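Next comes work.csv, a file with CSV, C-alpha atoms.
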chain,number,residue,atom,x,y,z
N,1,MET,CA,-81.6,47.7,89.5
N,2,THR,CA,-79.8,45.2,87.2
N,3,SER,CA,-79.7,41.7,88.7
N,4,VAL,CA,-76.3,40.3,89.7
N,5,PRO,CA,-75.2,37.4,87.4
N,6,ASP,CA,-73.6,34.3,88.9
N,7,VAL,CA,-69.9,34.0,88.0
N,8,PHE,CA,-69.1,31.4,90.6
N,9,ASP,CA,-70.5,28.1,89.3
N,10,PRO,CA,-67.5,26.3,87.7
N,11,ARG,CA,-69.7,24.4,85.3
N,12,GLN,CA,-70.5,27.4,83.2
N,13,TYR,CA,-66.9,27.9,82.3
N,14,ALA,CA,-66.9,24.7,80.4
N,15,ALA,CA,-69.1,26.6,77.8
N,16,GLY,CA,-66.7,29.6,77.8
N,17,VAL,CA,-65.7,32.5,79.9
N,18,PRO,CA,-68.8,34.5,80.8
N,19,TYR,CA,-67.7,37.8,79.4
N,20,ASP,CA,-71.3,39.1,79.1
N,21,ALA,CA,-71.8,38.5,82.8
N,22,TYR,CA,-68.5,40.2,83.6
N,23,ARG,CA,-69.6,43.3,81.6
N,24,VAL,CA,-72.8,43.5,83.6
N,25,LEU,CA,-70.8,43.3,86.8
N,26,ARG,CA,-68.3,45.9,85.7
N,27,ASP,CA,-71.0,48.3,84.6
N,28,HIS,CA,-73.5,47.9,87.5
N,29,HIS,CA,-72.0,45.8,90.3
N,30,PRO,CA,-68.2,46.2,90.2
N,31,VAL,CA,-67.8,44.7,93.7
N,32,ALA,CA,-70.7,42.2,93.8
N,33,ARG,CA,-71.8,39.7,96.4
N,34,GLN,CA,-71.7,36.1,95.1
N,35,ASP,CA,-73.3,33.0,96.6
N,36,GLU,CA,-71.2,29.9,97.0
N,37,PRO,CA,-73.6,27.0,96.9
N,38,GLU,CA,-72.7,23.3,97.1
N,39,VAL,CA,-71.6,22.2,93.6
N,40,LEU,CA,-69.9,19.1,92.1
N,41,GLY,CA,-69.9,17.5,95.5
N,42,TRP,CA,-67.9,20.3,97.1
N,43,PRO,CA,-69.6,21.9,100.2
N,44,ALA,CA,-71.2,25.3,100.2
N,45,GLY,CA,-69.3,28.3,101.4
N,46,PRO,CA,-70.2,31.7,102.9
N,47,GLY,CA,-70.0,33.6,99.7
N,48,PHE,CA,-67.6,36.3,98.5
N,49,TRP,CA,-67.1,39.6,96.9
N,50,ALA,CA,-66.4,39.5,93.1
N,51,VAL,CA,-64.1,42.3,91.9
N,52,THR,CA,-64.3,42.8,88.2
N,53,ARG,CA,-63.0,46.3,87.2
N,54,HIS,CA,-59.3,46.6,86.3
N,55,ALA,CA,-58.6,49.4,88.7
N,56,ASP,CA,-60.2,47.6,91.6
N,57,VAL,CA,-58.4,44.3,90.8
N,58,VAL,CA,-55.0,46.1,90.7
N,59,ARG,CA,-55.9,47.8,94.0
N,60,VAL,CA,-56.6,44.6,95.7
N,61,LEU,CA,-53.5,42.8,94.3
N,62,LYS,CA,-51.2,45.7,95.3
N,63,ASP,CA,-52.5,46.0,98.9
N,64,PRO,CA,-51.6,42.8,100.8
N,65,ALA,CA,-52.0,44.6,104.2
N,66,THR,CA,-55.7,45.0,103.5
N,67,TYR,CA,-56.3,42.0,101.2
N,68,SER,CA,-54.4,39.1,102.6
N,69,SER,CA,-53.3,35.9,100.9
N,70,TYR,CA,-52.4,34.4,104.2
N,71,ILE,CA,-55.6,34.5,106.3
N,72,GLY,CA,-57.7,32.2,104.1
N,73,ALA,CA,-55.2,31.3,101.3
N,74,THR,CA,-55.9,32.1,97.6
N,75,GLN,CA,-58.6,29.8,96.3
N,76,ILE,CA,-62.3,30.6,96.4
N,77,ARG,CA,-63.2,27.5,98.4
N,78,ASP,CA,-62.2,27.7,102.1
N,79,PRO,CA,-59.6,25.1,103.0
N,80,ASP,CA,-60.4,22.7,105.8
N,81,PRO,CA,-59.4,24.5,109.0
N,82,ASP,CA,-57.1,21.6,109.9
N,83,ASP,CA,-55.2,22.0,106.6
N,84,LEU,CA,-54.9,25.8,106.7
N,85,PRO,CA,-51.6,25.9,108.7
N,86,PHE,CA,-50.1,23.6,106.1
N,87,ILE,CA,-51.5,25.6,103.1
N,88,ARG,CA,-50.2,28.9,104.6
N,89,CYS,CA,-46.6,27.6,104.4
N,90,MET,CA,-46.7,28.0,100.6
N,91,MET,CA,-45.2,31.3,99.2
N,92,LEU,CA,-48.4,31.8,97.2
N,93,ASN,CA,-50.4,32.0,100.4
N,94,GLN,CA,-48.2,34.3,102.4
N,95,ASP,CA,-48.1,38.1,102.9
N,96,PRO,CA,-45.0,40.4,103.2
N,97,PRO,CA,-42.5,40.2,104.8
N,98,GLY,CA,-42.5,36.4,104.8
N,99,HIS,CA,-43.6,36.2,101.2
N,100,GLY,CA,-40.7,38.5,100.2
N,101,ARG,CA,-38.1,36.2,101.9
N,102,LEU,CA,-39.3,33.1,100.1
N,103,ARG,CA,-39.6,34.9,96.8
N,104,ARG,CA,-36.0,36.1,97.1
N,105,LEU,CA,-34.8,32.6,97.8
N,106,VAL,CA,-36.5,31.0,94.8
N,107,SER,CA,-35.6,33.9,92.6
N,108,ARG,CA,-31.9,32.8,93.0
N,109,ALA,CA,-32.8,29.7,91.1
N,110,PHE,CA,-35.2,31.2,88.6
N,111,THR,CA,-32.6,33.5,87.0
N,112,PRO,CA,-33.2,35.1,83.5
N,113,ARG,CA,-29.9,33.6,82.4
N,114,ARG,CA,-31.1,30.1,83.3
N,115,VAL,CA,-34.4,30.7,81.6
N,116,ASP,CA,-33.0,32.2,78.5
N,117,ARG,CA,-30.7,29.3,77.7
N,118,PHE,CA,-33.9,27.2,77.3
N,119,GLU,CA,-34.9,29.1,74.2
N,120,ARG,CA,-33.1,26.7,71.9
N,121,VAL,CA,-34.4,23.7,73.7
N,122,ALA,CA,-37.9,25.0,73.6
N,123,GLN,CA,-37.6,25.8,69.9
N,124,GLU,CA,-36.4,22.3,69.1
N,125,ARG,CA,-39.2,20.8,71.2
N,126,ALA,CA,-41.9,23.0,69.6
N,127,ARG,CA,-40.6,22.1,66.1
N,128,THR,CA,-40.6,18.4,66.9
N,129,LEU,CA,-44.1,18.4,68.4
N,130,LEU,CA,-45.6,20.4,65.6
N,131,THR,CA,-44.0,18.1,63.0
N,132,HIS,CA,-45.5,15.1,64.7
N,133,ALA,CA,-48.8,16.9,64.9
N,134,LEU,CA,-48.7,17.4,61.1
N,135,GLU,CA,-47.9,13.8,60.5
N,136,ALA,CA,-50.9,12.8,62.7
N,137,ALA,CA,-53.1,15.2,60.8
N,138,ARG,CA,-52.3,13.6,57.5
N,139,THR,CA,-53.9,10.4,58.6
N,140,ALA,CA,-56.9,12.1,60.1
N,141,ASP,CA,-58.2,14.3,57.2
N,142,GLY,CA,-55.9,17.2,58.2
N,143,THR,CA,-57.3,17.4,61.8
N,144,VAL,CA,-55.4,17.1,65.0
N,145,ASP,CA,-55.9,17.9,68.7
N,146,LEU,CA,-53.2,20.5,69.4
N,147,VAL,CA,-53.6,20.1,73.2
N,148,GLY,CA,-52.9,16.3,73.1
N,149,ALA,CA,-50.3,16.5,70.3
N,150,VAL,CA,-48.5,19.7,71.2
N,151,THR,CA,-49.2,22.0,74.1
N,152,ASP,CA,-49.6,19.6,77.0
N,153,ASP,CA,-46.2,18.0,76.3
N,154,TYR,CA,-44.6,21.3,75.4
N,155,ALA,CA,-45.4,22.9,78.7
N,156,LEU,CA,-44.7,19.8,80.7
N,157,LEU,CA,-41.3,19.0,79.2
N,158,ASN,CA,-40.0,22.6,79.3
N,159,LEU,CA,-40.8,22.8,83.0
N,160,ALA,CA,-39.3,19.4,83.7
N,161,ASP,CA,-36.0,20.6,82.0
N,162,LEU,CA,-36.0,23.8,84.0
N,163,LEU,CA,-36.6,21.9,87.3
N,164,GLY,CA,-34.2,19.1,86.5
N,165,VAL,CA,-36.8,16.3,86.6
N,166,PRO,CA,-35.5,13.0,85.1
N,167,GLU,CA,-37.2,12.0,81.9
N,168,ALA,CA,-38.7,8.8,83.4
N,169,ASP,CA,-40.6,10.8,86.0
N,170,ARG,CA,-41.9,13.6,83.9
N,171,LYS,CA,-45.5,12.3,83.4
N,172,LEU,CA,-45.8,12.6,87.2
N,173,LEU,CA,-45.8,16.4,86.8
N,174,LEU,CA,-48.9,16.3,84.5
N,175,HIS,CA,-50.7,13.9,86.9
N,176,TRP,CA,-50.1,16.1,89.9
N,177,THR,CA,-51.2,19.2,87.9
N,178,GLN,CA,-54.4,17.6,86.7
N,179,ARG,CA,-55.2,16.4,90.2
N,180,VAL,CA,-54.7,19.8,91.9
N,181,ILE,CA,-55.7,22.3,89.2
N,182,GLY,CA,-58.5,20.3,87.6
N,183,TYR,CA,-60.1,19.1,90.8
N,184,GLN,CA,-63.5,20.6,89.8
N,185,ASP,CA,-63.5,18.6,86.5
N,186,PRO,CA,-64.0,14.8,86.7
N,187,ASP,CA,-62.2,14.3,83.4
N,188,GLU,CA,-59.0,15.8,84.9
N,189,ALA,CA,-59.1,14.9,88.6
N,190,GLY,CA,-60.7,11.5,88.3
N,191,PRO,CA,-63.0,10.1,91.0
N,192,GLN,CA,-63.3,12.2,94.1
N,193,VAL,CA,-61.4,11.0,97.2
N,194,LEU,CA,-63.7,11.1,100.2
N,195,ASP,CA,-62.8,11.3,103.9
N,196,GLY,CA,-64.4,9.2,106.7
N,197,ARG,CA,-67.4,11.5,106.8
N,198,GLY,CA,-68.1,11.2,103.1
N,199,ARG,CA,-66.8,14.7,102.2
N,200,PRO,CA,-64.4,15.3,99.3
N,201,VAL,CA,-60.7,15.7,100.3
N,202,ASP,CA,-59.1,18.9,99.2
N,203,PRO,CA,-56.4,18.3,96.6
N,204,ARG,CA,-54.2,20.9,98.4
N,205,SER,CA,-54.4,18.9,101.7
N,206,PRO,CA,-51.4,17.2,103.2
N,207,ALA,CA,-53.0,13.8,102.6
N,208,MET,CA,-53.4,14.4,98.9
N,209,LEU,CA,-49.9,15.9,98.4
N,210,ARG,CA,-48.0,13.3,100.3
N,211,ASP,CA,-46.7,11.5,97.2
N,212,MET,CA,-45.6,14.7,95.5
N,213,PHE,CA,-43.7,15.9,98.6
N,214,ALA,CA,-42.0,12.5,99.0
N,215,TYR,CA,-40.9,12.8,95.4
N,216,ALA,CA,-39.6,16.3,96.0
N,217,ARG,CA,-37.4,15.1,99.0
N,218,GLN,CA,-36.0,12.2,96.8
N,219,LEU,CA,-35.2,14.5,94.0
N,220,ALA,CA,-33.5,17.1,96.3
N,221,ALA,CA,-31.4,14.3,97.8
N,222,HIS,CA,-30.4,13.2,94.3
N,223,LYS,CA,-29.5,16.8,93.3
N,224,ARG,CA,-27.3,17.1,96.3
N,225,ARG,CA,-25.3,14.0,95.3
N,226,PHE,CA,-25.4,14.8,91.5
N,227,PRO,CA,-25.8,18.5,91.0
N,228,ASP,CA,-26.7,20.0,87.7
N,229,ASP,CA,-27.6,23.4,86.2
N,230,ASP,CA,-31.3,23.4,87.1
N,231,VAL,CA,-33.7,24.9,89.6
N,232,MET,CA,-34.0,21.9,91.9
N,233,THR,CA,-30.2,21.7,92.3
N,234,THR,CA,-30.0,25.4,93.3
N,235,LEU,CA,-32.9,25.0,95.8
N,236,ALA,CA,-31.5,21.7,97.2
N,237,HIS,CA,-28.2,23.4,98.0
N,238,ASP,CA,-29.7,26.6,99.6
N,239,ALA,CA,-28.9,26.5,103.3
N,240,GLU,CA,-31.5,29.1,104.0
N,241,LEU,CA,-34.3,26.9,102.7
N,242,ALA,CA,-36.0,24.5,105.1
N,243,ASP,CA,-36.9,21.0,103.7
N,244,SER,CA,-40.6,21.8,104.2
N,245,GLU,CA,-40.1,25.1,102.2
N,246,LEU,CA,-38.3,23.2,99.4
N,247,GLU,CA,-41.2,20.7,99.2
N,248,MET,CA,-43.7,23.6,98.9
N,249,PHE,CA,-41.6,25.3,96.2
N,250,PHE,CA,-41.6,22.0,94.2
N,251,PHE,CA,-45.4,21.9,94.5
N,252,LEU,CA,-45.8,25.5,93.5
N,253,LEU,CA,-43.4,25.3,90.6
N,254,THR,CA,-44.8,22.0,89.4
N,255,VAL,CA,-48.4,23.0,89.4
N,256,ALA,CA,-48.4,26.7,88.7
N,257,GLY,CA,-45.3,26.6,86.4
N,258,ASN,CA,-46.9,23.8,84.3
N,259,ASP,CA,-50.4,25.1,84.1
N,260,THR,CA,-49.7,28.7,83.2
N,261,VAL,CA,-48.3,27.7,79.8
N,262,ARG,CA,-50.5,24.6,79.5
N,263,SER,CA,-53.5,26.9,79.7
N,264,ALA,CA,-52.2,30.0,77.8
N,265,ALA,CA,-50.7,28.2,74.8
N,266,PRO,CA,-53.9,26.5,73.4
N,267,GLY,CA,-55.8,29.6,74.2
N,268,GLY,CA,-53.5,31.7,72.1
N,269,LEU,CA,-53.6,29.2,69.2
N,270,LEU,CA,-57.4,29.1,69.4
N,271,ALA,CA,-57.5,32.9,69.2
N,272,LEU,CA,-55.3,33.0,66.2
N,273,ALA,CA,-57.3,30.3,64.5
N,274,GLU,CA,-60.5,32.2,65.1
N,275,HIS,CA,-59.0,35.4,63.8
N,276,PRO,CA,-57.3,34.3,60.5
N,277,GLU,CA,-56.6,37.9,59.5
N,278,SER,CA,-54.6,38.4,62.7
N,279,TYR,CA,-52.8,35.2,62.2
N,280,GLU,CA,-51.8,36.3,58.7
N,281,ARG,CA,-50.6,39.7,59.9
N,282,LEU,CA,-48.4,37.9,62.5
N,283,ARG,CA,-47.1,35.4,59.9
N,284,THR,CA,-46.2,38.1,57.4
N,285,GLY,CA,-44.4,40.3,60.0
N,286,LYS,CA,-47.1,43.0,60.1
N,287,ALA,CA,-47.6,42.4,63.8
N,288,GLU,CA,-44.6,42.0,66.2
N,289,LEU,CA,-44.5,38.7,68.1
N,290,PRO,CA,-43.7,40.2,71.6
N,291,ALA,CA,-46.7,42.5,71.4
N,292,ALA,CA,-48.8,39.6,70.0
N,293,VAL,CA,-47.9,37.4,73.0
N,294,GLU,CA,-49.2,40.1,75.4
N,295,GLU,CA,-52.4,40.5,73.5
N,296,LEU,CA,-53.0,36.8,73.4
N,297,LEU,CA,-52.4,36.7,77.2
N,298,ARG,CA,-54.9,39.5,77.6
N,299,TRP,CA,-57.4,37.6,75.4
N,300,HIS,CA,-57.0,34.3,77.1
N,301,PRO,CA,-55.5,34.7,80.6
N,302,PRO,CA,-54.4,31.3,82.1
N,303,VAL,CA,-55.8,32.2,85.5
N,304,LEU,CA,-59.4,33.4,85.9
N,305,THR,CA,-59.6,34.3,89.6
N,306,PHE,CA,-57.6,34.6,92.8
N,307,ARG,CA,-58.9,35.0,96.3
N,308,ARG,CA,-57.9,37.3,99.1
N,309,THR,CA,-59.3,37.8,102.6
N,310,ALA,CA,-60.0,41.2,104.1
N,311,ALA,CA,-57.7,41.8,107.0
N,312,ALA,CA,-59.7,44.7,108.3
N,313,ASP,CA,-63.0,46.5,107.6
N,314,THR,CA,-62.6,48.5,104.4
N,315,GLU,CA,-64.4,49.9,101.4
N,316,LEU,CA,-64.0,49.1,97.7
N,317,ALA,CA,-66.0,50.7,94.9
N,318,GLY,CA,-68.5,51.9,97.4
N,319,ARG,CA,-69.1,48.6,99.0
N,320,ARG,CA,-68.5,48.0,102.7
N,321,ILE,CA,-66.3,45.0,103.2
N,322,ARG,CA,-65.9,43.4,106.6
N,323,ALA,CA,-62.7,41.9,108.1
N,324,GLY,CA,-62.7,38.2,107.2
N,325,ASP,CA,-64.8,38.6,104.0
N,326,LYS,CA,-63.5,36.8,100.9
N,327,VAL,CA,-62.6,39.1,98.1
N,328,VAL,CA,-62.0,37.4,94.7
N,329,VAL,CA,-60.4,39.3,91.8
N,330,PHE,CA,-61.5,38.3,88.2
N,331,HIS,CA,-58.5,38.6,85.9
N,332,ALA,CA,-60.4,37.8,82.7
N,333,SER,CA,-62.9,40.5,83.5
N,334,ALA,CA,-60.2,43.1,84.2
N,335,ASN,CA,-58.6,42.3,80.9
N,336,ARG,CA,-61.8,43.3,79.1
N,337,ASP,CA,-62.5,46.5,81.0
N,338,GLU,CA,-63.5,49.2,78.6
N,339,ARG,CA,-62.3,51.8,81.1
N,340,VAL,CA,-58.7,50.7,80.4
N,341,PHE,CA,-58.7,48.9,77.0
N,342,THR,CA,-60.0,50.5,73.8
N,343,ASP,CA,-62.4,48.1,72.0
N,344,PRO,CA,-61.5,45.3,74.5
N,345,ASP,CA,-63.5,42.6,72.6
N,346,ARG,CA,-61.3,43.0,69.5
N,347,LEU,CA,-58.1,41.0,69.2
N,348,ASP,CA,-55.4,43.6,68.4
N,349,LEU,CA,-52.0,42.0,68.2
N,350,SER,CA,-50.4,45.4,68.1
N,351,ARG,CA,-52.2,46.7,71.1
N,352,ALA,CA,-50.1,49.2,73.1
N,353,PRO,CA,-50.1,49.9,76.0
N,354,ASN,CA,-51.4,46.6,77.2
N,355,PRO,CA,-51.6,46.6,81.0
N,356,HIS,CA,-53.3,43.2,81.3
N,357,VAL,CA,-53.3,41.4,84.6
N,358,SER,CA,-52.9,37.8,83.3
N,359,PHE,CA,-49.8,37.4,85.5
N,360,GLY,CA,-51.2,39.3,88.4
N,361,ASP,CA,-49.9,42.4,90.0
N,362,GLY,CA,-48.3,43.6,93.2
N,363,PRO,CA,-46.0,41.4,95.3
N,364,HIS,CA,-47.5,38.2,94.0
N,365,VAL,CA,-46.9,38.9,90.3
N,366,CYS,CA,-46.0,35.6,88.6
N,367,LEU,CA,-42.5,34.6,89.3
N,368,GLY,CA,-42.2,32.6,86.1
N,369,ALA,CA,-43.7,35.2,83.8
N,370,HIS,CA,-40.4,35.6,81.9
N,371,PHE,CA,-40.2,31.8,81.4
N,372,ALA,CA,-43.8,31.7,80.3
N,373,ARG,CA,-43.5,34.5,77.8
N,374,LEU,CA,-40.4,32.9,76.3
N,375,GLN,CA,-42.2,29.6,75.8
N,376,LEU,CA,-45.2,31.2,74.2
N,377,ARG,CA,-43.1,33.3,71.9
N,378,VAL,CA,-41.2,30.3,70.7
N,379,LEU,CA,-44.3,28.2,70.3
N,380,TYR,CA,-46.2,30.8,68.3
N,381,ARG,CA,-43.1,31.4,66.1
N,382,GLU,CA,-42.7,27.7,65.3
N,383,ALA,CA,-46.5,27.3,64.7
N,384,MET,CA,-46.4,30.1,62.1
N,385,ARG,CA,-43.6,28.3,60.3
N,386,ALA,CA,-45.1,24.9,60.5
N,387,LEU,CA,-48.9,25.7,60.2
N,388,PRO,CA,-49.7,28.2,57.4
N,389,VAL,CA,-53.4,27.1,57.8
N,390,LEU,CA,-54.8,27.1,61.3
N,391,ARG,CA,-58.6,26.9,61.7
N,392,PRO,CA,-60.9,25.2,64.2
N,393,ALA,CA,-62.2,21.7,63.3
N,394,ALA,CA,-64.6,21.6,66.2
N,395,PRO,CA,-65.3,23.6,69.3
N,396,PRO,CA,-62.6,23.3,72.0
N,397,GLU,CA,-63.4,21.3,75.1
N,398,ARG,CA,-62.9,23.6,78.1
N,399,LEU,CA,-62.0,22.8,81.7
N,400,VAL,CA,-64.7,22.8,84.3
N,401,SER,CA,-63.1,25.4,86.6
N,402,ASN,CA,-63.7,28.9,88.0
N,403,PHE,CA,-59.9,29.1,88.7
N,404,ILE,CA,-58.0,28.0,85.5
N,405,ASN,CA,-58.9,29.0,82.0
N,406,GLY,CA,-58.1,25.6,80.7
N,407,ILE,CA,-58.6,23.9,77.3
N,408,LYS,CA,-58.7,20.1,77.4
N,409,SER,CA,-58.8,19.5,73.7
N,410,LEU,CA,-58.3,21.8,70.6
N,411,PRO,CA,-59.3,20.1,67.3
N,412,MET,CA,-57.7,22.0,64.5
N,413,HIS,CA,-57.4,21.8,60.7
N,414,VAL,CA,-53.7,22.3,60.2
N,415,THR,CA,-53.0,21.3,56.6
Let's see the structure in the file written out as structure tokens.
Amino acid sequence: MTSVPDVFDPRQYAAGVPYDAYRVLRDHHPVARQDEPEVLGWPAGPGFWAVTRHADVVRVLKDPATYSSYIGATQIRDPDPDDLPFIRCMMLNQDPPGHGRLRRLVSRAFTPRRVDRFERVAQERARTLLTHALEAARTADGTVDLVGAVTDDYALLNLADLLGVPEADRKLLLHWTQRVIGYQDPDEAGPQVLDGRGRPVDPRSPAMLRDMFAYARQLAAHKRRFPDDDVMTTLAHDAELADSELEMFFFLLTVAGNDTVRSAAPGGLLALAEHPESYERLRTGKAELPAAVEELLRWHPPVLTFRRTAAADTELAGRRIRAGDKVVVFHASANRDERVFTDPDRLDLSRAPNPHVSFGDGPHVCLGAHFARLQLRVLYREAMRALPVLRPAAPPERLVSNFINGIKSLPMHVT
């Protein structure tokens, strides 16, 4: 019997997504037991089931009655039991019908019309950032870090515009995102905050989110007095939305909304740089941009994993799963499943159909997917115009995380 590779340890993802290990799991252990040892100062857990085939991932995501987001929330690590009631208030960590109610409320603010009007703003921002990146490259032998020069600010400032965050406060969004999303990576999260017993404090806990929630209340109060055409104004004036729910929405939109594009954009640019023939096809119109965006999302999904908890005894791919077991879906593995995608390890910008799960599936499919696709489409279009040459200058620096497929730096030759 083929041994079961470890795909839990977040440190291995700093070297790259372990696609070879995923293939072993898909072929021999599609629902595999994974240990959850103590790592990076975070305590050991009880272990979980890793789900790696596309069909099984979709099955789990579409069946919230069996695979709950509410019971144990949606991160691999178990939250502190004292924090769980608080964490369950977030839409991401709820099941139908409560999830549907909250999703409908926030959807009123996240309308396609409001999102679409940002296309011109995003285009001007991408063009400006890329121009500055080229200027920086001219003084550095044609080399620039596209994460620091372009993609971090691009994602952050677009989200801030959509939410209605004042310009002076926008760097706060990046700070909160790094603290919550990058908590496994010391470069992103900074020194660990320890509790009275010397254990690390969960970045999702009330104690660690107090400053963000206080800001959300202040911003909502400001929007009630000075309304504008933005998401926070709509949410602040929604009588059906409790103050605590508004704070949770601000947290979710700030962190998830920022990091989706913040992770996907440099991953797409890296893929194009590593496949110059594909980049040339896209630049010359031989590949269509909307299809290319989908393939780049399949190739570099922003989210690696999401956790569910079995609500009842069940069976998946022949494995007996007990009520209370953690079940973790691996998006990046599902996107390379040979049972669904022909030649999945080949970048094909014209791939169709392309049923990737980079934005999830089922009731929790990404609410901001339309906004993310728009931003990626605009950024790649402007990159093709500004950067006829795009090739790696050094290996990218990747995030230490088994949750987000992040790139911390992307040195590129862009002359």
Taking a cut-off of 6 Å and counting all atoms listed in the file, can you build a table that, for each residue of range 270-351 of chain N near range 399-414 of chain N, reports the nearest atom pair and how far apart they are in Å (one decimal), sorted by chain then residue number, as a tab-separated table?
residue	atom	partner	partner_atom	distance
N:Pro302	CA	N:Asn405	CA	5.1
N:Val303	CA	N:Ile404	CA	4.7
N:Leu304	CA	N:Phe403	CA	5.2
N:Thr305	CA	N:Phe403	CA	5.3
12 Å contact set for range 145-148 of chain N, only C-alpha atoms, chain neighbours under 3 positions out, as a PDB file with C-alpha atoms, in the frame of the given file:
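Writing done, so here's part00.pdb:
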ATOM      1  CA  ALA N 126     -41.900  23.000  69.600  1.00  0.00           C
ATOM      2  CA  LEU N 129     -44.100  18.400  68.400  1.00  0.00           C
ATOM      3  CA  LEU N 130     -45.600  20.400  65.600  1.00  0.00           C
ATOM      4  CA  THR N 131     -44.000  18.100  63.000  1.00  0.00           C
ATOM      5  CA  HIS N 132     -45.500  15.100  64.700  1.00  0.00           C
ATOM      6  CA  ALA N 133     -48.800  16.900  64.900  1.00  0.00           C
ATOM      7  CA  LEU N 134     -48.700  17.400  61.100  1.00  0.00           C
ATOM      8  CA  ALA N 136     -50.900  12.800  62.700  1.00  0.00           C
ATOM      9  CA  ALA N 137     -53.100  15.200  60.800  1.00  0.00           C
ATOM     10  CA  ALA N 140     -56.900  12.100  60.100  1.00  0.00           C
ATOM     11  CA  GLY N 142     -55.900  17.200  58.200  1.00  0.00           C
ATOM     12  CA  THR N 151     -49.200  22.000  74.100  1.00  0.00           C
ATOM     13  CA  ASP N 152     -49.600  19.600  77.000  1.00  0.00           C
ATOM     14  CA  ASP N 153     -46.200  18.000  76.300  1.00  0.00           C
ATOM     15  CA  TYR N 154     -44.600  21.300  75.400  1.00  0.00           C
ATOM     16  CA  ALA N 155     -45.400  22.900  78.700  1.00  0.00           C
ATOM     17  CA  LEU N 156     -44.700  19.800  80.700  1.00  0.00           C
ATOM     18  CA  VAL N 261     -48.300  27.700  79.800  1.00  0.00           C
ATOM     19  CA  ARG N 262     -50.500  24.600  79.500  1.00  0.00           C
ATOM     20  CA  SER N 263     -53.500  26.900  79.700  1.00  0.00           C
ATOM     21  CA  ALA N 264     -52.200  30.000  77.800  1.00  0.00           C
ATOM     22  CA  ALA N 265     -50.700  28.200  74.800  1.00  0.00           C
ATOM     23  CA  PRO N 266     -53.900  26.500  73.400  1.00  0.00           C
ATOM     24  CA  GLY N 267     -55.800  29.600  74.200  1.00  0.00           C
ATOM     25  CA  GLY N 268     -53.500  31.700  72.100  1.00  0.00           C
ATOM     26  CA  LEU N 269     -53.600  29.200  69.200  1.00  0.00           C
ATOM     27  CA  LEU N 270     -57.400  29.100  69.400  1.00  0.00           C
ATOM     28  CA  ALA N 273     -57.300  30.300  64.500  1.00  0.00           C
ATOM     29  CA  LEU N 379     -44.300  28.200  70.300  1.00  0.00           C
ATOM     30  CA  ALA N 383     -46.500  27.300  64.700  1.00  0.00           C
ATOM     31  CA  LEU N 387     -48.900  25.700  60.200  1.00  0.00           C
ATOM     32  CA  LEU N 390     -54.800  27.100  61.300  1.00  0.00           C
ATOM     33  CA  ARG N 391     -58.600  26.900  61.700  1.00  0.00           C
ATOM     34  CA  PRO N 392     -60.900  25.200  64.200  1.00  0.00           C
ATOM     35  CA  ALA N 393     -62.200  21.700  63.300  1.00  0.00           C
ATOM     36  CA  ALA N 394     -64.600  21.600  66.200  1.00  0.00           C
ATOM     37  CA  PRO N 395     -65.300  23.600  69.300  1.00  0.00           C
ATOM     38  CA  PRO N 396     -62.600  23.300  72.000  1.00  0.00           C
ATOM     39  CA  GLU N 397     -63.400  21.300  75.100  1.00  0.00           C
ATOM     40  CA  ARG N 398     -62.900  23.600  78.100  1.00  0.00           C
ATOM     41  CA  GLY N 406     -58.100  25.600  80.700  1.00  0.00           C
ATOM     42  CA  ILE N 407     -58.600  23.900  77.300  1.00  0.00           C
ATOM     43  CA  LYS N 408     -58.700  20.100  77.400  1.00  0.00           C
ATOM     44  CA  SER N 409     -58.800  19.500  73.700  1.00  0.00           C
ATOM     45  CA  LEU N 410     -58.300  21.800  70.600  1.00  0.00           C
ATOM     46  CA  PRO N 411     -59.300  20.100  67.300  1.00  0.00           C
ATOM     47  CA  MET N 412     -57.700  22.000  64.500  1.00  0.00           C
ATOM     48  CA  HIS N 413     -57.400  21.800  60.700  1.00  0.00           C
ATOM     49  CA  VAL N 414     -53.700  22.300  60.200  1.00  0.00           C
TER      50      VAL N 414
END
Selection near Asp169 in chain N, 12 Å with only C-alpha atoms, sequence-local residues under 2 positions removed, as a PyMOL selection string: chain N and resi 156-157+160-161+163-167+171-176+212+215-216+218-219
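Each of N:His237, N:Arg127, N:Lys286, N:Arg320 was checked against Arg108 in chain N using all atoms listed in the file; the smallest atom-to-atom distance is that of N:His237.
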Minimum-distance residue to Phe341 in chain N, chosen among N:Asp6, N:Glu315, N:Asp63, N:Glu295 (using all atoms listed in the file): N:Glu295
Separation of CA of Val24 in chain N from CA of Val39 in chain N in Å: 23.6 Å
Pick from N:Val60, N:Val7, N:Val144, N:Val180, whichever lies nearest to Ala317 in chain N using all atoms listed in the file: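 Among N:Val60, N:Val7, N:Val144, N:Val180, it is N:Val60 that comes nearest to Ala317 in chain N.
Counting only C-alpha atoms and comparing N:Leu92, N:Leu316, N:Met248, N:Val255, the residue that lies closest to His29 in chain N is N:Leu316.
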Counting all atoms listed in the file, the residue of N:Pro85, N:Gly47, N:Pro203, N:Gly368 that sits nearest Asp259 in chain N: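 Of all the options, N:Gly368 lies closest to Asp259 in chain N.
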Residue nearest Arg322 in chain N among N:Pro276, N:Ala310, N:Leu367, N:Asp345 (counting only C-alpha atoms):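 Ranking N:Pro276, N:Ala310, N:Leu367, N:Asp345 by distance to Arg322 in chain N, first place goes to N:Ala310.
Between CA of Gly72 in chain N and CA of Met91 in chain N the separation is 13.5 Å.
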